[in-house]
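*Asks:* Dropping the structure in here first, questions after.
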Amino acid sequence: MSGVPGAENPMSSPLALHQQTLSELAAGLARRDFSSVELTQHFLDRIAHHDGTLNSFITVCAEQALAQAATADGARAAGTATPLTGIPLAQKDIFCTADVKTTCASKMLDNFIAPYNASVIEQFNAAGAVMLGKTNMDEFAMGSSNETSFYGGVKNPWDISKVPGGSSGGSAAAVAARLAPAATGTDTGGSIRQPASLCNLTGLKPTYGRVSRWGMIAFASSLDQAGPMAQTAEDAALMLNVMAGHDARDSTCINHPVPDYTATLNDSIAGLRIGLPKQYFGEGLDPAVASVITAAIAELEKLGATVVEIDLPTSDLAVPAYYVIAPAECSSNLSRFDGVRFGYRCENPKDLTDLYKRSRAEGFGAEVKRRIMVGTYALSAGYYDAYYVQAQKARRLIKDDFARAFEKCDVIAGPTAPDVAFGIGEKQADPIAMYLSDIYTIATNLAGLPGMSLPAGFAKKLPVGLQLVGNYWSEARLLNVAHRYQQVTGWHRELPADFS
Ligand code: GLN
């Protein structure tokens, strides 16, 4: 773990291409150690070799990726390259891509080719990045295990009998197995951070409104946010530099200055006040995970941070409030999939009602239907005040809890997930047990705050993620804390044995 050359190393790296971080690969491209075509081919070969086992991609775009790589090499030769030019990335199959199908892992969209690129895709294209393919996920991003995909589940590279987490499980598995140096994810209730935790990655959910949602298929619009899933905080910073910023096409995307997220990575964290919510260390947290988290916090203290206990008294309202609000929003968002305009259409409909009914009954999977039913119920006349309005009030209390906590601390730390990766099939019959996987991540989405997960060690031979949550617009600070931690630890460098 020690002596790993950093991006600043002027010599060629002795590591294989897939063992290098995005920033090391960017440095290698800049030095002309290899071309983007060579790099892209290397990852395409790894996908061809390993993805039969993992199922982390829904679509691989070999031809298009190599063409993009050749264009990137041209830009490099012409002197117009930027940091991500020529870097191959995997994109979650929730972002609309012109010419490449966008399925959201649903039979409903199995045949859907969007007429345009999502803003996030446009941003990576403008930066000269290469798209290796579209990653598997839970259907319409609903899940915590990547078992609800129409294309089959994804396996965790650390133990292929375990889930990779969800809903961005394909992105997580692909990066963990180094089939891509980094990927995008989306996080409505934890879908970047929880799979990052289960797969030993650094994942960041930005402040709500930091990254454009335009062209990102909506699950729960007041909660959804896209972000990077990478090996290191430095890599996540490089990606966020490309993804963040105002977009007039998304009315909730906020016009707030975008700093260079790499500029403050090395700032000292002496004096940083870390808040530890007592509610995040109680019942339900696996003791082996708890001890990894305690050790990680001790490491941050060695770097000069101080620890204060904080209280988030309405924490236990987060899961119930989320499971009213997210289904309510999804029931509205998914009403557009009606078999008429795009997506799956049933065979031989008798009439229009039959067309709607059967297209939706046949096109959506069980979890999506469960959410649509819960959401429709919660929004219906007579129940709206009892459920939806109550949940919105709980949401406000949760937001106020965080506001009070941030008077006492700069960053909140705790576990990302209550346990390490669980077995495939283990929680499928029990939706409530599955919903509790996000018990520590969901409140952040309800409040709209930024949060990240970073590799903090292992329990039961599986990765454990440390969660950091900051105040609005504190992404640079979170990345700084994570980067300093990664300079004195090597967990993020650990690779699953069968994919090293
Ligand atoms: N696991 C949560 C859910 O199923 C969160 C999913 C997400 O963040 N997209 O709703």
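In the structure tokens, each chain is lettered A, B, ... as it comes, each chain's residues begin at 1, and ligands are numbered from 1 in order of appearance.
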Give the residue list for ligand 1 at 8 Å, counting only C-alpha atoms and all ligand atoms, as a list of chain:residue names, sorted by chain and then by residue number.

*Replies:*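 Counting only C-alpha atoms and all ligand atoms, the residues within 8 Å of ligand 1 come out as A:Phe140, A:Ala141, A:Met142, A:Gly143, A:Ser144, A:Ser145, A:Gly166, A:Ser167, A:Ser168, A:Thr186, A:Asp187, A:Thr188, A:Gly189, A:Gly190, A:Ser191, A:Ile192, A:Phe219, A:Asp224, A:Tyr322, A:Tyr323, A:Ala326, A:Met434, A:Tyr435, A:Ser437, A:Asp438, A:Ile442.
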
*Asks:* Please identify the strand (DSSP E) residues within region 54-157 of chain A (assignment by DSSP from backbone atoms) and present them as a list in words.

*Replies:*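 Checking each residue of region 54-157 of chain A, the strand (DSSP E) ones are Phe57, Ile58, Thr59, Val60, Pro88, Leu89, Ala90, Gln91, Lys92, Val130, Met131, Leu132, Gly133, Lys134 and Thr135 of chain A.
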
*Asks:* Quick one: distance from CA of Asn241 (chain A) to CA of Thr262 (chain A) in Å, one decimal?

*Replies:*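 One can read the CA of Asn241 (chain A) to CA of Thr262 (chain A) distance as 8.1 Å.
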
*Asks:* Which parts of region 219-395 of chain A does DSSP call helix (DSSP H, G or I) when run on the backbone here, written out as a count of residues only?

*Replies:* 90

*Asks:* Calculated over only C-alpha atoms, which of the candidates A:Val258, A:Ala62, A:Ala30, A:Cys96 has the smallest distance to Ala77 (chain A)?

*Replies:*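 Residue with the minimum atom-to-atom distance to Ala77 (chain A): A:Ala30.
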
*Asks:* Just the residues within 7 Å of region 487-493 of chain A, please, counting only C-alpha atoms, with nothing from its chain fewer than 6 positions along; format it as JSON, numbers by chain.

*Replies:* {"A": [1, 200, 201, 231, 232, 455, 456, 457]}

*Asks:* Hey, what's within 7 Å of Arg210 (chain A) if we count only C-alpha atoms and toss same-chain stuff fewer than 2 positions away? As a VMD selection string, please?

*Replies:* chain A and resid 206 to 208 212 244 to 245 253 to 254

*Asks:* For each of A:Leu300, A:Leu449, A:Ala236, A:Val37, take the minimum atom-to-atom distance to Leu265 (chain A), counting only C-alpha atoms, then give the residue where this is smallest.

*Replies:* A:Ala236
